[in-house]
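Have a look at the structure below, then the notes.
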There are 4 protein chains.
Amino acid sequence: MANHAGRHFLQIPGPTPVPERVHNAMARSMMDHRGPAFCEFGQKLFADVKGIFKTQQPVIIFPSSGTGSWEAALTNTLSPGDHVLVMETGQFAVLWTKMAERMGLKPEVIANDWRSGADANALEARLRADSSQQIKAVCVVQNETSTGARTHIDEIRKAMDAAGHSALLMVDTISSLAAMDYRHDEWGVDITISGSQKGLMLPPGLSFTAVSQKALAASKKATLARAYFSWDDMLAINGSGTFPYTPPIGLLFGLAETITMLNEEGLSNVFARHERLAEATRRAVKAWGLEVWCQDARAYSPVVTAVEMPEGHNSDAFRKIVLENFNMSLGTGLSKLAGKAFRIAHLGYTNELTIMGALAGVEMGLELARVPHNKGGVSAAMAYLAQAASPATAQAA
Amino acid sequence: MANHAGRHFLQIPGPTPVPERVHNAMARSMMDHRGPAFCEFGQKLFADVKGIFKTQQPVIIFPSSGTGSWEAALTNTLSPGDHVLVMETGQFAVLWTKMAERMGLKPEVIANDWRSGADANALEARLRADSSQQIKAVCVVQNETSTGARTHIDEIRKAMDAAGHSALLMVDTISSLAAMDYRHDEWGVDITISGSQKGLMLPPGLSFTAVSQKALAASKKATLARAYFSWDDMLAINGSGTFPYTPPIGLLFGLAETITMLNEEGLSNVFARHERLAEATRRAVKAWGLEVWCQDARAYSPVVTAVEMPEGHNSDAFRKIVLENFNMSLGTGLSKLAGKAFRIAHLGYTNELTIMGALAGVEMGLELARVPHNKGGVSAAMAYLAQAASPATAQAA
Amino acid sequence: MANHAGRHFLQIPGPTPVPERVHNAMARSMMDHRGPAFCEFGQKLFADVKGIFKTQQPVIIFPSSGTGSWEAALTNTLSPGDHVLVMETGQFAVLWTKMAERMGLKPEVIANDWRSGADANALEARLRADSSQQIKAVCVVQNETSTGARTHIDEIRKAMDAAGHSALLMVDTISSLAAMDYRHDEWGVDITISGSQKGLMLPPGLSFTAVSQKALAASKKATLARAYFSWDDMLAINGSGTFPYTPPIGLLFGLAETITMLNEEGLSNVFARHERLAEATRRAVKAWGLEVWCQDARAYSPVVTAVEMPEGHNSDAFRKIVLENFNMSLGTGLSKLAGKAFRIAHLGYTNELTIMGALAGVEMGLELARVPHNKGGVSAAMAYLAQAASPATAQAA
Amino acid sequence: MANHAGRHFLQIPGPTPVPERVHNAMARSMMDHRGPAFCEFGQKLFADVKGIFKTQQPVIIFPSSGTGSWEAALTNTLSPGDHVLVMETGQFAVLWTKMAERMGLKPEVIANDWRSGADANALEARLRADSSQQIKAVCVVQNETSTGARTHIDEIRKAMDAAGHSALLMVDTISSLAAMDYRHDEWGVDITISGSQKGLMLPPGLSFTAVSQKALAASKKATLARAYFSWDDMLAINGSGTFPYTPPIGLLFGLAETITMLNEEGLSNVFARHERLAEATRRAVKAWGLEVWCQDARAYSPVVTAVEMPEGHNSDAFRKIVLENFNMSLGTGLSKLAGKAFRIAHLGYTNELTIMGALAGVEMGLELARVPHNKGGVSAAMAYLAQAASPATAQAA
């Protein structure tokens with residue numbers, strides 16, 4: 001029988017564990033979403049959420065999964081037949097492409113090997129070739145959740161600038177926001193898309209769209225149909241702290257609390273923590289003699305590490321053994337990675353000892369599943385984390 | 001200073017008070033939305049939710065407000081330029097019309113006086129006149145939340161049948177599901193739309209779409225663009241208990257609990273309770289010498305009662321006095337009713353004593369606001385509720 | 001079948017409804033009760049709780065029901081065979097007497113009619129007669145929960161001073177603290193006893209003991225056996241924010257939150273609210289033609305109103321009808337009042353509309369139970385509460 | 001600055017982490033503790049709790065910390081001047097002695113080295129020597145929380161039987177109940193004492209007393225004063241599901257849930273899990289080259305492992321480093337062990353990966369604190385736990 005005692009280790013790249021402070025904040029009574037108390041709450045929330053995106057521009061909050069904000073990004077700024085350029089880095093970039101097609105757009109893909117981030121040079125070359133500026137939007141995922149590869153958004157911006165291209169820059173930060181550095185304004189992003197259930201440590205159900213003035217200008221001319229995801233209805237009324245339709249009040253109460261928590265820790269500390277846990281995880285993987293799926297060290301994700309399964313072993317069979325014996329969920333291999341990789345998330349409400357427990361579960365699982373590996377992964381991670389701990393507090397006991 | 005002591009009386013027609021059982025159910029840990037435990041949970045949930053709609057057909061659950069399911073109904077079954085007939089009964093029917101326009105459809109409206117339900121005879125006449133069957137869908141709201149008027153959906157169905165018209169019947173039950181009788185299959189409804197934050201006693205954030213086989217057939221040919229709200233992606237995967245994108249896990253946990261609660265009470269008891277509290281409310285209104293906004297007794301809503309404000313008095317000024325003195329939120333007058341009416345919800349997690357407290361708040365508020373009225377509304381409501389209580393339990397003490 | 005829909009109306013004088021803010025505060029993770037975070041929390045809590053008792057002296061918190069603090073009061077300050085004088089005002093005063101006997105003390109009772117507060121004149125006379133100062137303690141209940149009669153503690157103090165008697169003054173504020181004015185220091189009380197589940201709006205499980213320097217001095221000489229309820233173990237360690245045995249952490253988290261809530265509202269506003277709801281309740285009772293059990297208007301309780309049942313009717317049969325038909329719990333008649341009276345609490349987390357709902361439940365219950373009464377109780381309460389609402393906010397709507 | 005991100009690892013032997021199911025169960029509304037719903041709940045609870053003690057006799061529940069049930073055990077069965085024999089195994093046994101003195105009893109101590117369980121042979125010898133049967137009670141702690149040593153209660157019983165002694169057997173299971181095997185009836189225990197905040201996974205605030213018929217008979221003759229902790233008041237009313245004073249309703253709701261959880265897992269599985277985690281911990285300790293404080297392998301505790309600190313190092317300085325760097329609380333060394341040992345609890349709501357995270361925190365902390373040790377503790381624990389996992393599920397992936 002499966003072992004379900006104690007707290008489940010949820011090491012998937014979203015949904016991530018919800019802190020009890022947030023559960024408790026969400027368990028408040030409903031209120032009149034048109035009344036003064038809610039409007040006051042909403043105004044503060046719309047202001048505070050900007051800090052997470054490092055923007056002074058509006059951030060729109062939809063009651064939807066993150067996918068909904070993708071749809072909003074496309075339909076609010078583009079018109080039927082518009083060309084969009086998608087930087088494919090894995091499964092989630094593929095989904096952009098499919099959605100663009102459904103919306104009546106003409107997506108073009110710059111593919112990669114799914115083991116690295118987007119190629120800024122290839123982008124620049126393609127944009128230079130688009131002398132008629134037919135491409136209206138460039139879509140890129142900051143952290144490709146399916147492969148554990150990050151793309152440096154500032155380099156994407158530079159490539160676009162170097163090519164002198166006017167396309168809108170649309171960035172998916174669904175699994176990266178509040179987990180790795182992000183700067184909507186400084187990096188000149190036009191539309192930033194995100195979701196609640198990853199770095200923001202909330203249940204799924206909210207999506208976010210930070211916009212630029214250029215994106216807003218585009219929305220005045222765009223002719224794709226939109227209603228639920230229409231920005232203008234939102235922006236017309238968000239200033240008073242409320243929404244054009246009933247807002248997801250419980251999740252918004254939770255959002256206010258997670259913003260408080262992130263600010264208490266400090267965003268830069270949050271990012272450093274994610275980098276630290278990711279490095280520990282990779283050291284374990286390498287000590288086991290396994291391969292980190294992402295092959296480019298500059299693109300290693302601070303959010304999730306995909307691990308390649310040795311030839312002849314199935315990653316889902318391995319995950320099942322881990323789940324049943326050690327009460328831990330690991331991320332499955334998606335699409336091209338199905339059966340070939342599993343993913344260890346080190347994302348959101350997690351810390352050193354949580355990740356050490358998780359890595360121990362992987363190491364023990366490898367043994368139970370008879371996957372060839374070297375011992376020592378957990379030891380390597382510990383050695384790194386001990387050394388990374390603040391030297392100021394290390395002292396003779 | 002405003003009086004905020006004790007429990008707030010939230011007497012608006014949604015969001016409605018969330019029972020603590022539901023808050024507690026939602027405060028469970030997140031789980032792997034692709035793992036076996038979630039899939040088992042999801043399969044049961046998709047099966048159980050059908051009972052609430054009285055259908056054997058699929059019920060699709062979107063992470064969105066109810067408005068999202070409206071968009072889904074239109075985009076999944078219709079094509080650009082299609083004609084739709086909207087039975088206008090108030091503000092929420094108007095919103096259907098606007099959305100249809102945005103989606104590139106041609107809505108036609110059968111207006112009414114906003115003080116009654118939809119006119120089945122007018123519908124029949126219009127459909128008979130549409131000999132070419134150009135109208136592809138008839139849209140109607142079961143309970144017009146803005147006016148407190150219900151439409152008898154079985155009569156709408158009969159009118160369509162009498163006219164021999166093939167249009168799809170789309171019904172908005174956002175504020176009526178689980179509060180008044182509804183029978184998706186028996187009444188031959190093609191698309192039923194609903195939301196979480198009313199009779200289902202959940203926070204906002206889920207919308208529902210029950211479909212018929214005819215609606216599913218239409219969706220194969222419909223060409224309006226859709227992605228987030230695409231039915232086919234949902235239906236392809238819901239059978240295994242999961243979703244094409246990250247589902248709103250917390251709200252789904254809550255939904256399972258509210259379905260349990262509704263079944264414990266029994267849907268027919270739930271409906272009778274709503275009818276009883278509504279009748280008590282109307283008796284109070286009439287005893288005060290005020291007008292129930294809805295002028296047709298057959299159309300009185302069991303969910304919400306809109307009350308006309310006497311000439312020369314503003315309903316929002318009155319609501320403010322009630323909020324500040326008695327810690328109660330009443331529904332505002334929307335659109336044409338702005339300033340002219342307030343609304344008392346008797347919906348969801350409420351009972352006799354809650355509604356008596358609410359009516360006392362209204363009666364005291366009328367006095368504080370110097371709105372001309374007769375005393376005796378609360379007494380009239382009590383007289384009715386005492387008489388309506390089970391005679392079996394009434395006995396000499 | 002009983003009607004259990006919607007929120008239960010819990011109108012008993014404890015436990016009282018726990019605000020959701022408090023439920024949420026209590027749902028925090030356990031912590032190391034000897035660690036720095038808990039000690040910091042505890043130090044602030046021990047300081048803040050003093051404000052509720054209006055004292056600068058220590059307040060000891062026991063993990064126990066209020067009864068435990070009674071035992072602590074006696075065993076920490078008295079020796080076997082000591083005489084104590086109990087001012088009997090009802091059932092809870094009787095329980096003091098029984099406990100004193102069990103502890104090996106010699107209790108003497110000044111009885112009253114159970115329909116008024118303690119008689120300060122009788123006390124003064126008795127103390128004057130005790131020229132040898134044999135009486136070591138005077139025990140009195142500020143609010144007699146069983147009858148709804150208050151005793152003016154300042155008058156008790158004056159009587160003791162007038163008699164020039166040195167006995168310790170022990171006051172039970174279990175059902176009155178944080179609901180009616182109380183001043184441990186100013187009124188010269190030696191030991192104040194209280195509990196968590198009444199005005200403090202917490203679940204049961206904490207008891208409180210505020211002491212004077214005189215009581216502490218007595219505790220150095222007292223020889224009754226005590227261990228769990230020993231003050232000295234507590235006082236020796238409370239200064240560092242912790243406890244001699246494992247403290248009831250969850251309830252303490254809740255206590256911190258209720259103190260915050262009480263201070264947000266302001267204690268004087270809290271007391272005024274209780275007085276207002278009590279007056280409304282009594283006006284209802286009188287309008288029904290029933291008798292308030294307490295016969296002395298100066299002694300009317302702001303916390304609970306006991307209502308005499310007309311001859312030939314049983315109060316528990318009535319309560320059962322109310323519970324089954326209207327989902328409300330009323331207080332039973334205790335001891336001498338069994339079957340003869342029921343009690344309506346207007347205590348803790350309650351407000352105008354809650355009490356109006358409750359009074360409507362009583363009025364409807366009287367009818368269902370065929371208890372002779374006049375209509376108009378609810379109307380009388382409303383008339384009072386509308387008039388008592390802040391005139392500043394009453395205005396033309 | 002201290003690292004407080006993510007979930008705190010609370011590895012002290014109580015309070016232990018409260019499962020969210022239990023937090024949620026406790027967050028239910030208060031109810032009338034004399035009403036029918038509570039009485040029905042209470043009757044079931046009093047019946048169900050017996051299974052945890054493996055008894056058919058009454059189990060009394062006090063609103064108090066565990067210490068309160070100690071006091072109850074003594075005062076309900078003994079008279080002033082009675083002799084009691086305390087088997088000292090550590091700090092908690094010492095506290096029994098102090099309490100007995102305070103209560104006017106004559107405690108006699110059989111001391112041990114604080115590094116093993118109670119010596120059944122020494123007990124038998126002492127009892128044989130007490131030919132006049134002057135000793136009225138034998139007090140023993142099943143799991144000495146301060147040292148991590150267990151006593152085999154069945155052997156204690158046999159020793160008493162072998163000596164033909166009639167003393168009552170009183171056993172403290174505060175930190176062992178629901179974590180290691182316990183059989184009140186089968187082992188002939190007269191009074192079993194326990195608390196809520198350890199194996200029962202609740203917050204502190206409840207104590208338990210299981211009694212035998214012999215203990216009940218003794219209580220009829222015992223003359224020590226008792227009131228709050230009087231058994232007879234409890235037993236007189238518990239049969240109807242309620243309490244002589246206001247019960248700690250919230251904690252009781254939680255208790256019902258933890259009993260359900262324990263039964264779902266199965267008590268024998270719960271015990272095996274504790275043994276497994278304890279063995280893993282000891283293997284880590286030994287691999288580090290440190291000493292398990294308990295020197296008798298038969299007495300190793302499945303609940304908590306005390307670890308001796310190498311000469312020249314202070315265990316509290318070490319604990320502080322672990323807390324600040326790795327957000328984990330370890331148990332302090334109590335009394336004789338102060339500064340010399342730290343304790344790792346593997347108790348209650350915990351599992352393999354939690355304990356692996358905890359052991360990693362210790363191993364990293366030893367390095368940060370420059371405590372001499374060998375690497376490999378975590379690896380040794382993993383090796384054991386992987387091997388201990390169900391072989392049925394181990395298979396090729």
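Chain labels run A, B, ... following the order of the structure tokens; each chain numbers its residues from 1, and ligands are numbered from 1 in the order shown.
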- Message: Residues of chain A within 7 Å of chain D, counting only C-alpha atoms, what are they? List them as a PyMOL selection string.
- Response: chain A and resi 5-7+313-315+317-318+321+325-326+349-354+356-358+360-361+364+368-371+382+386+389+393-397
Pull N, CA and C atoms from the residues just selected and write them as a short mmCIF file (atom, residue, chain, number, x, y, z; two decimals), in the first residue's frame.
```
data_model
loop_
_atom_site.label_atom_id
_atom_site.label_comp_id
_atom_site.auth_asym_id
_atom_site.auth_seq_id
_atom_site.Cartn_x
_atom_site.Cartn_y
_atom_site.Cartn_z
N ALA A 5 1.74 8.83 4.93
CA ALA A 5 1.85 9.49 6.23
C ALA A 5 2.58 10.82 6.11
N GLY A 6 2.25 11.71 6.99
CA GLY A 6 2.96 12.98 7.07
C GLY A 6 2.70 13.87 5.87
N ARG A 7 3.46 14.92 5.82
CA ARG A 7 3.23 15.96 4.82
C ARG A 7 3.74 15.52 3.45
N HIS A 313 15.19 3.24 -18.97
CA HIS A 313 14.39 3.44 -17.77
C HIS A 313 13.34 4.50 -18.05
N ASN A 314 12.18 4.29 -17.47
CA ASN A 314 11.07 5.20 -17.73
C ASN A 314 10.86 6.14 -16.56
N SER A 315 10.82 7.40 -16.85
CA SER A 315 10.75 8.39 -15.77
C SER A 315 9.42 8.34 -15.03
N ALA A 317 7.60 5.59 -14.47
CA ALA A 317 7.66 4.44 -13.55
C ALA A 317 8.45 4.83 -12.30
N PHE A 318 9.52 5.56 -12.53
CA PHE A 318 10.33 6.04 -11.40
C PHE A 318 9.51 6.97 -10.50
N ILE A 321 7.15 5.11 -8.22
CA ILE A 321 7.83 4.48 -7.08
C ILE A 321 8.11 5.52 -5.98
N ASN A 325 6.30 5.24 -2.32
CA ASN A 325 7.17 4.93 -1.18
C ASN A 325 7.51 6.13 -0.32
N PHE A 326 7.56 7.29 -0.94
CA PHE A 326 8.08 8.43 -0.19
C PHE A 326 7.16 9.64 -0.21
N TYR A 349 7.32 28.22 -1.97
CA TYR A 349 7.43 28.14 -0.52
C TYR A 349 8.29 26.94 -0.15
N THR A 350 9.58 27.07 -0.38
CA THR A 350 10.46 25.95 -0.10
C THR A 350 11.77 26.48 0.47
N ASN A 351 12.54 25.60 1.06
CA ASN A 351 13.79 26.03 1.68
C ASN A 351 14.81 24.88 1.65
N GLU A 352 15.92 25.09 2.30
CA GLU A 352 17.03 24.14 2.25
C GLU A 352 16.60 22.73 2.67
N LEU A 353 15.91 22.65 3.81
CA LEU A 353 15.64 21.31 4.32
C LEU A 353 14.55 20.62 3.51
N THR A 354 13.64 21.40 2.97
CA THR A 354 12.64 20.80 2.08
C THR A 354 13.32 20.20 0.86
N MET A 356 16.38 19.27 0.61
CA MET A 356 17.20 18.12 1.01
C MET A 356 16.32 16.87 1.18
N GLY A 357 15.16 17.04 1.78
CA GLY A 357 14.24 15.91 1.88
C GLY A 357 13.87 15.40 0.49
N ALA A 358 13.61 16.33 -0.41
CA ALA A 358 13.21 15.95 -1.76
C ALA A 358 14.34 15.20 -2.47
N ALA A 360 16.73 13.54 -1.10
CA ALA A 360 16.86 12.22 -0.49
C ALA A 360 15.81 11.27 -1.08
N GLY A 361 14.61 11.79 -1.30
CA GLY A 361 13.56 10.97 -1.89
C GLY A 361 13.93 10.51 -3.30
N MET A 364 16.83 7.84 -2.89
CA MET A 364 16.30 6.55 -2.46
C MET A 364 15.43 5.93 -3.55
N LEU A 368 15.48 2.23 -5.27
CA LEU A 368 14.33 1.32 -5.30
C LEU A 368 13.96 0.95 -6.73
N ALA A 369 14.11 1.92 -7.64
CA ALA A 369 13.71 1.69 -9.03
C ALA A 369 14.84 1.04 -9.83
N ARG A 370 15.93 0.77 -9.18
CA ARG A 370 17.08 0.14 -9.84
C ARG A 370 17.56 0.92 -11.06
N VAL A 371 17.56 2.21 -10.90
CA VAL A 371 18.12 3.07 -11.94
C VAL A 371 19.61 3.23 -11.64
N MET A 382 24.26 18.81 0.12
CA MET A 382 24.51 19.30 1.48
C MET A 382 25.79 20.09 1.56
N ALA A 386 25.68 23.89 2.86
CA ALA A 386 26.37 24.26 4.10
C ALA A 386 27.34 25.39 3.82
N ALA A 389 25.59 28.72 3.26
CA ALA A 389 24.94 29.37 4.40
C ALA A 389 25.77 30.56 4.83
N THR A 393 27.00 33.45 10.47
CA THR A 393 26.38 32.71 11.57
C THR A 393 27.10 31.40 11.87
N ALA A 394 28.02 31.04 11.00
CA ALA A 394 28.76 29.80 11.25
C ALA A 394 29.82 30.08 12.30
N GLN A 395 29.83 29.29 13.32
CA GLN A 395 30.77 29.54 14.40
C GLN A 395 30.85 28.33 15.31
N ALA A 396 31.80 28.38 16.15
CA ALA A 396 31.98 27.25 17.06
C ALA A 396 30.78 27.15 18.00
N ALA A 397 30.30 25.94 18.16
CA ALA A 397 29.17 25.71 19.08
C ALA A 397 29.72 25.27 20.43
#
```
- Task: Considering only C-alpha atoms, return as an MDAnalysis selection string whatever protein or nucleic-acid residues lie within 6 Å of region 90-99 of chain D, sequence-local ones (same chain, fewer than 4 positions apart) excluded.
- Result: chainID D and resid 107 114 146
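Take the candidates D:Thr223, D:Ser301, D:Gln197, D:Thr77 and check each one against Met30 (chain C) using only C-alpha atoms; the shortest distance goes to D:Gln197.
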- Contacts of region 166-169 of chain A at 8 Å or less, counting only C-alpha atoms, minus same-chain residues fewer than 4 places along, as a VMD selection string? chain A and resid 133 135 to 140 157 160 188 to 191 214 to 215
- Message: For Ile249 (chain A), find every residue with an atom within 7 Å (counting only C-alpha atoms), except residues of its own chain fewer than 3 positions away, and show them as number ranges by chain.
- Response: A: 30, 252-253; B: 203-204
Requested write-out: N, CA and C atoms of the selected residues, as a tab-separated table (two decimals), in the first residue's frame:
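Generated output (selection_9.tsv):
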```
chain	number	residue	atom	x	y	z
A	30	MET	N	-16.43	36.45	2.38
A	30	MET	CA	-16.66	37.20	1.16
A	30	MET	C	-17.12	38.61	1.51
A	252	LEU	N	-7.68	36.83	-4.28
A	252	LEU	CA	-7.11	38.17	-4.15
A	252	LEU	C	-6.69	38.44	-2.70
A	253	PHE	N	-7.47	37.97	-1.74
A	253	PHE	CA	-7.03	38.07	-0.34
A	253	PHE	C	-5.69	37.35	-0.17
B	203	PRO	N	-16.43	30.93	-3.20
B	203	PRO	CA	-15.89	32.18	-3.70
B	203	PRO	C	-16.02	32.23	-5.23
B	204	PRO	N	-15.96	33.41	-5.80
B	204	PRO	CA	-15.94	33.51	-7.26
B	204	PRO	C	-14.67	32.87	-7.81
```
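Backbone DSSP over region 213-333 of chain C yields strand (DSSP E or B) at C:Glu291, C:Val292, C:Tyr300, C:Val304, C:Thr305, C:Ala306, C:Val307, C:Glu308, C:Met328, C:Ser329, C:Leu330, C:Gly331.
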- Item | Selection near Pro244 (chain B), 9 Å with only C-alpha atoms, sequence-local residues under 4 positions removed, as a PyMOL selection string | chain B and resi 233-234+236-238
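By chain and then residue number, the residues within 9 Å of Asn374 (chain D) are D:Ala287, D:Trp288, D:Gly289, D:Leu290, counting only C-alpha atoms and disregarding those fewer than 4 positions away in sequence.
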Could you turn the residues from that selection into a file that holds N, CA and C atoms, as a PDB file, in the first residue's frame?
```pdb
ATOM      1  N   ALA D 287      26.837   7.251  12.377  1.00  0.00           N
ATOM      2  CA  ALA D 287      27.735   7.534  11.254  1.00  0.00           C
ATOM      3  C   ALA D 287      28.491   8.843  11.454  1.00  0.00           C
ATOM      4  N   TRP D 288      27.843   9.790  12.130  1.00  0.00           N
ATOM      5  CA  TRP D 288      28.545  11.044  12.416  1.00  0.00           C
ATOM      6  C   TRP D 288      29.646  10.834  13.467  1.00  0.00           C
ATOM      7  N   GLY D 289      29.628   9.668  14.083  1.00  0.00           N
ATOM      8  CA  GLY D 289      30.582   9.437  15.157  1.00  0.00           C
ATOM      9  C   GLY D 289      30.139  10.057  16.467  1.00  0.00           C
ATOM     10  N   LEU D 290      28.870  10.399  16.554  1.00  0.00           N
ATOM     11  CA  LEU D 290      28.337  10.958  17.800  1.00  0.00           C
ATOM     12  C   LEU D 290      27.667   9.838  18.599  1.00  0.00           C
TER      13      LEU D 290
END
```
- Task: Find the residues near Ala100 (chain C): any atom within 12 Å, counting only C-alpha atoms, skip ones fewer than 5 places away on the same chain, and give them as a ChimeraX atom specification.
- Result: /C:67,70-75,78-86,93-95,105-109,137-139,224 /D:225-228
Restricting the output to N, CA and C atoms, write the selected residues as a short mmCIF file (atom, residue, chain, number, x, y, z; two decimals), in the first residue's frame.
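Final output, saved to selection09.cif:
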```
data_model
loop_
_atom_site.label_atom_id
_atom_site.label_comp_id
_atom_site.auth_asym_id
_atom_site.auth_seq_id
_atom_site.Cartn_x
_atom_site.Cartn_y
_atom_site.Cartn_z
N THR C 67 -12.98 27.38 35.49
CA THR C 67 -13.04 26.71 36.80
C THR C 67 -11.65 26.50 37.39
N TRP C 70 -10.47 29.44 39.32
CA TRP C 70 -11.08 29.49 40.65
C TRP C 70 -10.25 28.66 41.63
N GLU C 71 -9.96 27.44 41.20
CA GLU C 71 -9.18 26.59 42.10
C GLU C 71 -7.84 27.24 42.42
N ALA C 72 -7.24 27.81 41.40
CA ALA C 72 -5.95 28.49 41.63
C ALA C 72 -6.10 29.62 42.64
N ALA C 73 -7.17 30.38 42.53
CA ALA C 73 -7.36 31.52 43.44
C ALA C 73 -7.40 31.04 44.89
N LEU C 74 -8.13 29.98 45.11
CA LEU C 74 -8.27 29.47 46.49
C LEU C 74 -6.99 28.82 46.99
N THR C 75 -6.43 27.94 46.20
CA THR C 75 -5.30 27.15 46.70
C THR C 75 -4.02 27.96 46.83
N LEU C 78 -4.90 30.53 50.28
CA LEU C 78 -5.57 30.14 51.52
C LEU C 78 -4.96 28.87 52.11
N SER C 79 -5.32 28.61 53.34
CA SER C 79 -4.81 27.44 54.06
C SER C 79 -6.00 26.63 54.58
N PRO C 80 -5.78 25.37 54.85
CA PRO C 80 -6.89 24.52 55.28
C PRO C 80 -7.66 25.12 56.46
N GLY C 81 -8.96 25.10 56.35
CA GLY C 81 -9.79 25.61 57.43
C GLY C 81 -10.08 27.09 57.36
N ASP C 82 -9.46 27.77 56.42
CA ASP C 82 -9.73 29.21 56.28
C ASP C 82 -11.20 29.45 55.94
N HIS C 83 -11.72 30.56 56.48
CA HIS C 83 -13.09 30.94 56.18
C HIS C 83 -13.14 31.80 54.93
N VAL C 84 -14.08 31.49 54.06
CA VAL C 84 -14.29 32.36 52.90
C VAL C 84 -15.78 32.69 52.84
N LEU C 85 -16.05 33.88 52.38
CA LEU C 85 -17.43 34.35 52.31
C LEU C 85 -17.83 34.45 50.85
N VAL C 86 -18.85 33.69 50.50
CA VAL C 86 -19.29 33.67 49.10
C VAL C 86 -20.60 34.43 48.97
N ALA C 93 -22.11 31.13 41.61
CA ALA C 93 -21.66 31.40 42.97
C ALA C 93 -21.74 30.13 43.84
N VAL C 94 -22.76 29.33 43.58
CA VAL C 94 -22.89 28.06 44.32
C VAL C 94 -21.67 27.17 44.06
N LEU C 95 -21.24 27.18 42.81
CA LEU C 95 -20.10 26.33 42.48
C LEU C 95 -18.82 26.75 43.21
N LEU C 105 -11.75 24.28 52.80
CA LEU C 105 -12.02 25.61 53.34
C LEU C 105 -13.39 25.59 54.01
N LYS C 106 -13.68 26.67 54.72
CA LYS C 106 -14.99 26.81 55.35
C LYS C 106 -15.76 27.94 54.69
N PRO C 107 -16.52 27.61 53.71
CA PRO C 107 -17.25 28.68 53.04
C PRO C 107 -18.50 29.06 53.80
N GLU C 108 -18.78 30.33 53.80
CA GLU C 108 -20.02 30.84 54.36
C GLU C 108 -20.71 31.60 53.24
N VAL C 109 -22.00 31.47 53.17
CA VAL C 109 -22.71 32.04 52.03
C VAL C 109 -23.63 33.16 52.47
N ALA C 137 -11.34 35.57 52.67
CA ALA C 137 -11.62 35.96 51.28
C ALA C 137 -13.10 36.16 51.07
N VAL C 138 -13.39 37.15 50.22
CA VAL C 138 -14.77 37.39 49.78
C VAL C 138 -14.82 37.05 48.29
N CYS C 139 -15.76 36.17 47.94
CA CYS C 139 -15.86 35.70 46.55
C CYS C 139 -17.15 36.21 45.93
N LEU C 224 -2.49 25.48 51.32
CA LEU C 224 -3.24 24.49 50.53
C LEU C 224 -2.32 23.92 49.45
N ALA D 225 -7.26 16.58 48.39
CA ALA D 225 -8.23 17.54 47.84
C ALA D 225 -8.13 17.59 46.32
N ARG D 226 -9.28 17.70 45.69
CA ARG D 226 -9.31 17.82 44.22
C ARG D 226 -10.64 18.44 43.84
N ALA D 227 -10.63 19.22 42.84
CA ALA D 227 -11.88 19.81 42.37
C ALA D 227 -11.85 19.84 40.84
N TYR D 228 -11.03 20.74 40.29
CA TYR D 228 -10.96 20.83 38.83
C TYR D 228 -10.62 19.47 38.24
#
```
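Among the residues of region 284-335 of chain D, backbone DSSP assigns helix (DSSP H, G or I) to Ala284, Val285, Lys286, Ala287, Ala297, Arg298, Ala299, Ser315, Asp316, Ala317, Phe318, Arg319, Lys320, Ile321, Val322, Leu323, Glu324, Asn325, Phe326 and Ser335 of chain D.
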- Note on the structure: Min atom-atom distance to Gly35 (chain B) from the set B:Ser212, B:Thr242, B:Gln142, B:Thr89, counting only C-alpha atoms, belongs to B:Thr242
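For the choices C:Ser240, C:Asn263, C:Ser176, C:Ser116, the atom-to-atom distance to Thr192 (chain C) is smallest for C:Ser176 when using only C-alpha atoms.
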